[in-house]
Amino acid sequence: MERPRHQGMAKNTYMRWRLPLVCLLWEVAMIVLFGVFVRFSPEADAHWEEEKHEMNLTSDMENDFYFRYPSFQDVHVMIFVGFGFLMTFLKRYGFGAVGFNFLLAAFGIQWALLMQGWFHSFKSGKILIGVENLINADFCVGSVCIAFGAILGKTSPIQLLVMTLFQVTLFAVNEYILLNLLHVKDAGGSMTIHTFGAYFGLTVTRILYRPNLEQSKDKQGSVYHSDLFAMIGTLYLWMYWPSFNSAISDHGDAQHRAAINTYCSLAACVLTTMAFSSMLQKKGKLDMVHIQNATLAGGVAVGTSAEMMLTPYGSLIVGFICGIVSTVGYVYLTPFLESKLHIQDTCGIHNLHAMPGLIGGIVGAITAAAATEDVYGKEGFIKAFDFTGMYQTRTPSVQGGFQAAGIVVSLLMAFAGGAIVG
Amino acid sequence: MERPRHQGMAKNTYMRWRLPLVCLLWEVAMIVLFGVFVRFSPEADAHWEEEKHEMNLTSDMENDFYFRYPSFQDVHVMIFVGFGFLMTFLKRYGFGAVGFNFLLAAFGIQWALLMQGWFHSFKSGKILIGVENLINADFCVGSVCIAFGAILGKTSPIQLLVMTLFQVTLFAVNEYILLNLLHVKDAGGSMTIHTFGAYFGLTVTRILYRPNLEQSKDKQGSVYHSDLFAMIGTLYLWMYWPSFNSAISDHGDAQHRAAINTYCSLAACVLTTMAFSSMLQKKGKLDMVHIQNATLAGGVAVGTSAEMMLTPYGSLIVGFICGIVSTVGYVYLTPFLESKLHIQDTCGIHNLHAMPGLIGGIVGAITAAAATEDVYGKEGFIKAFDFTGMYQTRTPSVQGGFQAAGIVVSLLMAFAGGAIVG
Amino acid sequence: MERPRHQGMAKNTYMRWRLPLVCLLWEVAMIVLFGVFVRFSPEADAHWEEEKHEMNLTSDMENDFYFRYPSFQDVHVMIFVGFGFLMTFLKRYGFGAVGFNFLLAAFGIQWALLMQGWFHSFKSGKILIGVENLINADFCVGSVCIAFGAILGKTSPIQLLVMTLFQVTLFAVNEYILLNLLHVKDAGGSMTIHTFGAYFGLTVTRILYRPNLEQSKDKQGSVYHSDLFAMIGTLYLWMYWPSFNSAISDHGDAQHRAAINTYCSLAACVLTTMAFSSMLQKKGKLDMVHIQNATLAGGVAVGTSAEMMLTPYGSLIVGFICGIVSTVGYVYLTPFLESKLHIQDTCGIHNLHAMPGLIGGIVGAITAAAATEDVYGKEGFIKAFDFTGMYQTRTPSVQGGFQAAGIVVSLLMAFAGGAIVG
């Protein structure tokens with residue numbers, strides 16, 4: 001008996017050979033590159049048993065795995081279930097959104113391990129990977145998922161894979177410029193993930209503008225159950241965002257603080273989203289699209305500053321503002337972008353990622369510039385901003401300036417990259 | 001192009017201004033109060049780097065974050081996805097249940113951080129928050145979600161927010177009386193969360209009794225997919241309940257034990273629920289409502305005792321009994337409460353939270369009264385019940401008495417509070 | 001008011017008394033056996049406070065709970081949500097699949113705690129359980145869930161429970177032979193869980209062959225939302241598989257390595273699944289059933305070797321191959337098994353668990369045989385394969401031979417056991 005088959009994905013007959021060929025060739029390339037370059041980091045290598053003695057570690061708990069693995073799994077859920085299901089609100093693209101998100105993310109993480117590895121974990125000719133690399137690969141792919149939200153329904157799987165390849169590459173370059181050359185802090189990726197990913201996607205969708213897409217508008221209608229599926233995506237993103245922003249922060253207080261700040265910001269964001277959604281709608285109804293998206297803006301906007309001493313009330317203020325900005329964006333800005341600037345932003349990523357990402361970059365720059373030894377403590381101050389080695393003499397205000405430069409670089413990279421790919 | 005909008009929430013035209021105003025005003029009040037009172041706990045503050053030296057901590061792993069964060073995230077999922085989706089079984093309230101649960105929980109956790117902070121984490125004029133506070137805030141809001149289950153479909157969002165404000169306040173007072181004044185153990189909240197929350201909600205729904213609600217009965221019908229969505233809620237509550245009951249237990253063996261006891265109790269509860277569901281139905285069919293709810297009673301009923309030496313078979317016995325009590329409650333008690341006592345219990349929280357919560361309080365009192373130094377070990381005995389300082393001389397039987405008093409206090413607070421709010 | 005009831009499960013009128021009786025009797029038996037045998041392991045017992053001093057442990061973090069609990073919760077989600085929802089793709093069995101999976105798993109874990117406890121955690125007349133036992137019980141039940149996938153829709157709940165009882169028993173015996181007698185490594189259960197579970201289920205379904213089942217084929221049709229629900233199952237299995245394969249590995253580098261290898265294998269598997277799904281379908285459409293299932297084969301196939309020094313590129317190669325084997329299996333082998341061998345494999349477990357499980361066993365044997373002190377380090381080599389005590393002189397090639405013997409034993413146990421139960 002043949003299994004029943006329900007085909008919901010793109011029906012391009014050319015795909016029959018092109019998609020398989022691209023997938024297989026790329027996977028073979030990955031295997032070859034991994035074979036040449038990728039090995040385990042010392043903490044994942046069987047030699048660790050000896051290394052422990054050399055480093056005088058008394059407990060297996062000191063392995064970075066235990067500091068980061070729970071956060072890694074939360075981030076993993078955000079990328080595959082969170083972003084995947086968030087996009088199911090469209091009546092016709094439900095399965096396609098989840099399925100293509102799955103495909104591009106699975107491909108993207110492999111390429112990200114390589115690209116980020118060459119820039120950050122390259123030692124004597126090998127990329128040494130551990131759990132932090134897995135998180136960073138997921139982060140990198142997260143920025144592709146964001147961009148995917150803008151072009152959902154407009155591209156073939158092949159085009160998506162090509163976009164993934166380029167975006168991951170540019171992401172790694174941009175990240176390298178920010179974190180290594182500018183020595184900028186961005187643990188939750190307001191700049192590297194959200195600002196970069198969103199403006200990249202918006203540039204691509206601008207170039208792919210198709211006026212006749214207007215006609216297939218009914219395809220974009222949502223149905224009742226689609227909204228509940230999308231809500232699964234929303235809630236997993238919302239709940240796990242504290243893990244996202246704390247996943248690669250320094251061990252100890254920084255991870256702890258990042259989770260608390262994010263929790264506070266997100267809680268405030270829900271209230272202002274509901275308030276403005278109700279206020280801006282006829283008859284005061286709440287709009288599901290706002291609840292599914294704008295409630296998350298608070299997490300995006302503390303991405304840079306969550307691990308700093310932003311304080312809980314500072315986080316509430318950021319969340320307060322972002323719920324408003326994001327909801328207002330959905331009501332007024334998205335239609336404007338479409339009609340005047342010909343930017344068809346299917347999932348409204350400009351409101352959820354682009355603007356809150358920019359705000360996040362700015363909040364990060366201000367928080368860094370306002371840092372004092374009094375607030376952080378002498379040692380905490382140095383540790384929080386890595387003011388060691390060649391950065392020993394950098395002052396908070398200079399750090400703030402570099403943080404601001406990081407925003408500009410991310411924007412430029414996104415526009416340039418998006419234009420090329422588009 | 002305007003985004004498609006699908007409005008499923010309440011349509012009160014007055015809401016247009018009232019909901020936004022209430023949300024914005026309250027959020028501003030939160031920001032002011034957080035600004036005045038809330039700071040990071042030492043383990044989340046950048047000064048921790050120095051504190052570590054003073055406390056001779058050799059590892060970042062000693063930060064409470066690593067002991068509790070994975071459990072926190074599980075609890076977070078229970079509150080937002082678990083309780084939210086559990087209530088989607090109603091055909092018409094699906095999105096409303098998830099959305100309003102989201103709103104009240106996001107508001108409630110902020111107020112809970114303040115209220116619980118003033119009672120438990122107040123030092124030199126400031127509330128110092130860490131991951132344990134986040135868990136406690138989620139717990140507190142959990143009791144509101146429980147009460148929400150009784151009045152689902154009967155209140156406007158504004159009324160819900162007002163109820164949340166009052167219930168969180170009373171929760172914190174009740175918790176203070178139990179944990180601090182009576183020195184009672186209740187890590188999984190059989191009394192403070194479930195008994196209090198459920199009887200609070202039942203009192204409110206009794207006062208809100210509307211006979212004509214009967215007519216809109218068809219609204220309460222469930223549909224096939226609603227049942228699968230509700231099952232997502234059920235399963236996440238069921239799977240993560242071991243984290244719920246162990247989240248704020250003492251580090252080490254207590255957390256370990258609490259998880260095991262809860263795991264055992266829940267497993268037994270599934271079998272007796274299925275047995276009685278099948279037995280009490282015509283033709284032996286299984287009732288989805290029972291499977292979605294009564295299977296969880298075993299987690300509620302070991303809330304107080306899970307961290308004690310309840311032993312795995314003790315847990316099985318508790319789960320065994322609660323599956324029966326809860327299922328029988330759905331079949332006989334809920335119709336009786338409605339027809340005779342005019343208590344419309346939409347989600348049947350009397351069967352899932354009220355009765356199992358009471359059983360949990362009683363089991364906790366018995367387990368505490370039966371404790372011996374032989375079973376706990378000399379040091380373990382003192383640590384498990386905090387028999388230090390002014391409680392140095394308290395005996396297990398006295399502790400059992402105080403535990404029982406805790407049940408009574410929780411009940412009285414719930415009735416009084418529910419009557420005022422209703 | 002009576003709650004609305006929506007009955008989706010089996011309607012056998014005889015069930016009215018048989019299912020309740022079986023459930024209650026078995027649960028009573030569990031309570032008695034737990035009462036006689038099961039106690040807390042030292043790390044979950046209140047005496048641990050004293051034990052810590054004796055073992056010179058300075059931190060509560062050394063409790064095994066913190067090494068394994070996050071992985072345990074992930075595995076728990078895989079068993080109850082992962083396997084449960086994976087089977088919802090069938091139009092008519094959606095709720096039944098989730099509900100019966102819930103019932104058999106809740107029963108199975110209790111019996112597994114006893115069976116595995118007698119073999120592995122039995123000390124002075126008592127089974128001492130800790131978090132590792134909970135994980136192993138979930139693993140054991142996982143193999144029953146796999147077998148359930150083959151017979152979905154063909155059996156009554158009672159038959160399922162009987163099958164669970166027998167399969168758990170045989171699982172424990174087979175596991176004992178492999179891990180203790182043959183001293184084989186199989187942390188992720190390629191052999192003990194997947195190969196054994198799948199061939200057990202296939203043998204049972206062969207014996208239960210009913211030609212007229214063909215006629216109810218329409219029941220097996222899938223609908224749009226069913227596919228999204230099934231995708232929830234798929235994604236949770238896919239995302240948490242690194243936790244599955246690392247959950248009971250040695251503390252430290254082994255857990256770390258197992259997670260990385262699994263992550264890599266799964267990523268590669270997605271690409272080859274998509275490639276072959278598209279290639280083998282008319283018009284190049286992607287088949288949802290392949291995406292829902294074959295993408296997971298990469299996790300199954302590194303179950304034995306993930307904790308070894310398989311290396312990331314080795315994992316990619318395994319995932320690459322398994323995506324192909326599994327997808328080709330769905331297209332050609334499942335119809336063949338049904339028409340020629342009369343094996344009705346409802347969920348295609350032969351493609352997802354049986355073949356990849358065998359490959360996993362073989363990859364494990366090869367990886368073990370190829371191990372050298374150079375690659376593992378002197379201490380790491382001994383630790384990775386437990387070459388201590390009576391196994392002090394075992395060489396890698398001998399270990400590889402025993403690993404291969406483990407595959408054969410698992411197969412024989414599965415065929416024999418399945419035949420008896422069927």
# chains A, B, ... in the order shown; residues from 1 in each chain; ligands from 1

$ residues_around --residues "Gly406 (chain B)" --least-positions-apart "4" --cutoff "9 Å" --atoms "only C-alpha atoms" --output "PyMOL selection string"
chain B and resi 174+177-179+182+184+191-192+361+401-402+410-411

$ select_by_dssp --residues "region 345-406 of chain B" --states "alpha helix (DSSP H)" --output "VMD selection string"
chain B and resid 349 355 to 369 373 to 376 378 to 385 396 to 406

$ interface_residues --of "chain B" --to "chain C" --cutoff "6 Å" --atoms "only C-alpha atoms" --output "short mmCIF file (atom, residue, chain, number, x, y, z; two decimals) with N, CA and C atoms, in the first residue's frame"
data_model
loop_
_atom_site.label_atom_id
_atom_site.label_comp_id
_atom_site.auth_asym_id
_atom_site.auth_seq_id
_atom_site.Cartn_x
_atom_site.Cartn_y
_atom_site.Cartn_z
N GLY B 221 -18.77 23.93 22.83
CA GLY B 221 -18.47 22.69 22.14
C GLY B 221 -17.01 22.65 21.73
N GLY B 252 20.61 20.46 45.16
CA GLY B 252 21.10 19.11 45.44
C GLY B 252 20.00 18.07 45.51
N ASP B 253 20.05 17.27 46.58
CA ASP B 253 19.14 16.13 46.66
C ASP B 253 17.66 16.53 46.67
N HIS B 256 16.47 17.01 43.15
CA HIS B 256 16.52 15.69 42.52
C HIS B 256 15.30 14.84 42.92
N ARG B 257 15.06 14.80 44.22
CA ARG B 257 13.96 14.01 44.78
C ARG B 257 12.60 14.51 44.32
N ALA B 267 2.76 9.56 36.47
CA ALA B 267 2.62 8.34 35.69
C ALA B 267 1.45 7.51 36.20
N LEU B 271 -2.88 6.35 34.52
CA LEU B 271 -3.56 5.05 34.46
C LEU B 271 -4.93 5.06 35.14
N ALA B 275 -8.62 4.62 33.44
CA ALA B 275 -9.48 3.57 33.96
C ALA B 275 -10.86 4.12 34.30
N SER B 278 -12.94 5.58 31.28
CA SER B 278 -13.56 4.52 30.50
C SER B 278 -14.72 3.88 31.25
N MET B 279 -14.57 3.70 32.55
CA MET B 279 -15.56 3.01 33.37
C MET B 279 -16.84 3.83 33.51
N LYS B 283 -20.58 2.90 27.14
CA LYS B 283 -19.83 2.15 26.13
C LYS B 283 -18.31 2.17 26.34
N GLY B 284 -17.86 2.64 27.47
CA GLY B 284 -16.45 2.55 27.77
C GLY B 284 -15.55 3.45 26.96
N LYS B 285 -16.13 4.42 26.27
CA LYS B 285 -15.27 5.35 25.53
C LYS B 285 -14.44 6.19 26.51
N ASP B 287 -13.00 9.78 27.61
CA ASP B 287 -13.43 11.16 27.47
C ASP B 287 -12.20 12.06 27.37
N TYR B 313 7.03 5.01 45.87
CA TYR B 313 5.73 4.31 45.95
C TYR B 313 4.69 5.20 46.61
N PRO B 335 -21.20 18.85 37.25
CA PRO B 335 -22.62 19.11 37.00
C PRO B 335 -23.37 19.51 38.29
N GLU B 338 -22.64 23.09 39.29
CA GLU B 338 -23.34 24.03 38.42
C GLU B 338 -24.83 24.11 38.73
N TYR B 376 15.80 10.85 57.13
CA TYR B 376 16.43 12.00 56.47
C TYR B 376 17.92 12.14 56.76
N GLY B 377 18.39 11.46 57.79
CA GLY B 377 19.75 11.73 58.24
C GLY B 377 19.74 12.99 59.10
N GLY B 380 20.33 16.15 56.96
CA GLY B 380 19.28 16.24 55.94
C GLY B 380 17.94 16.63 56.55
#

$ select_by_dssp --residues "region 122-154 of chain C" --states "strand (DSSP E)" --output "JSON, numbers by chain"
{"C": [122, 123, 126, 127, 128, 129]}

$ closest_residue --among "C:Met355, C:Val375, C:Val168, C:Ile291" --to "Thr311 (chain C)" --atoms "only C-alpha atoms"
C:Val375
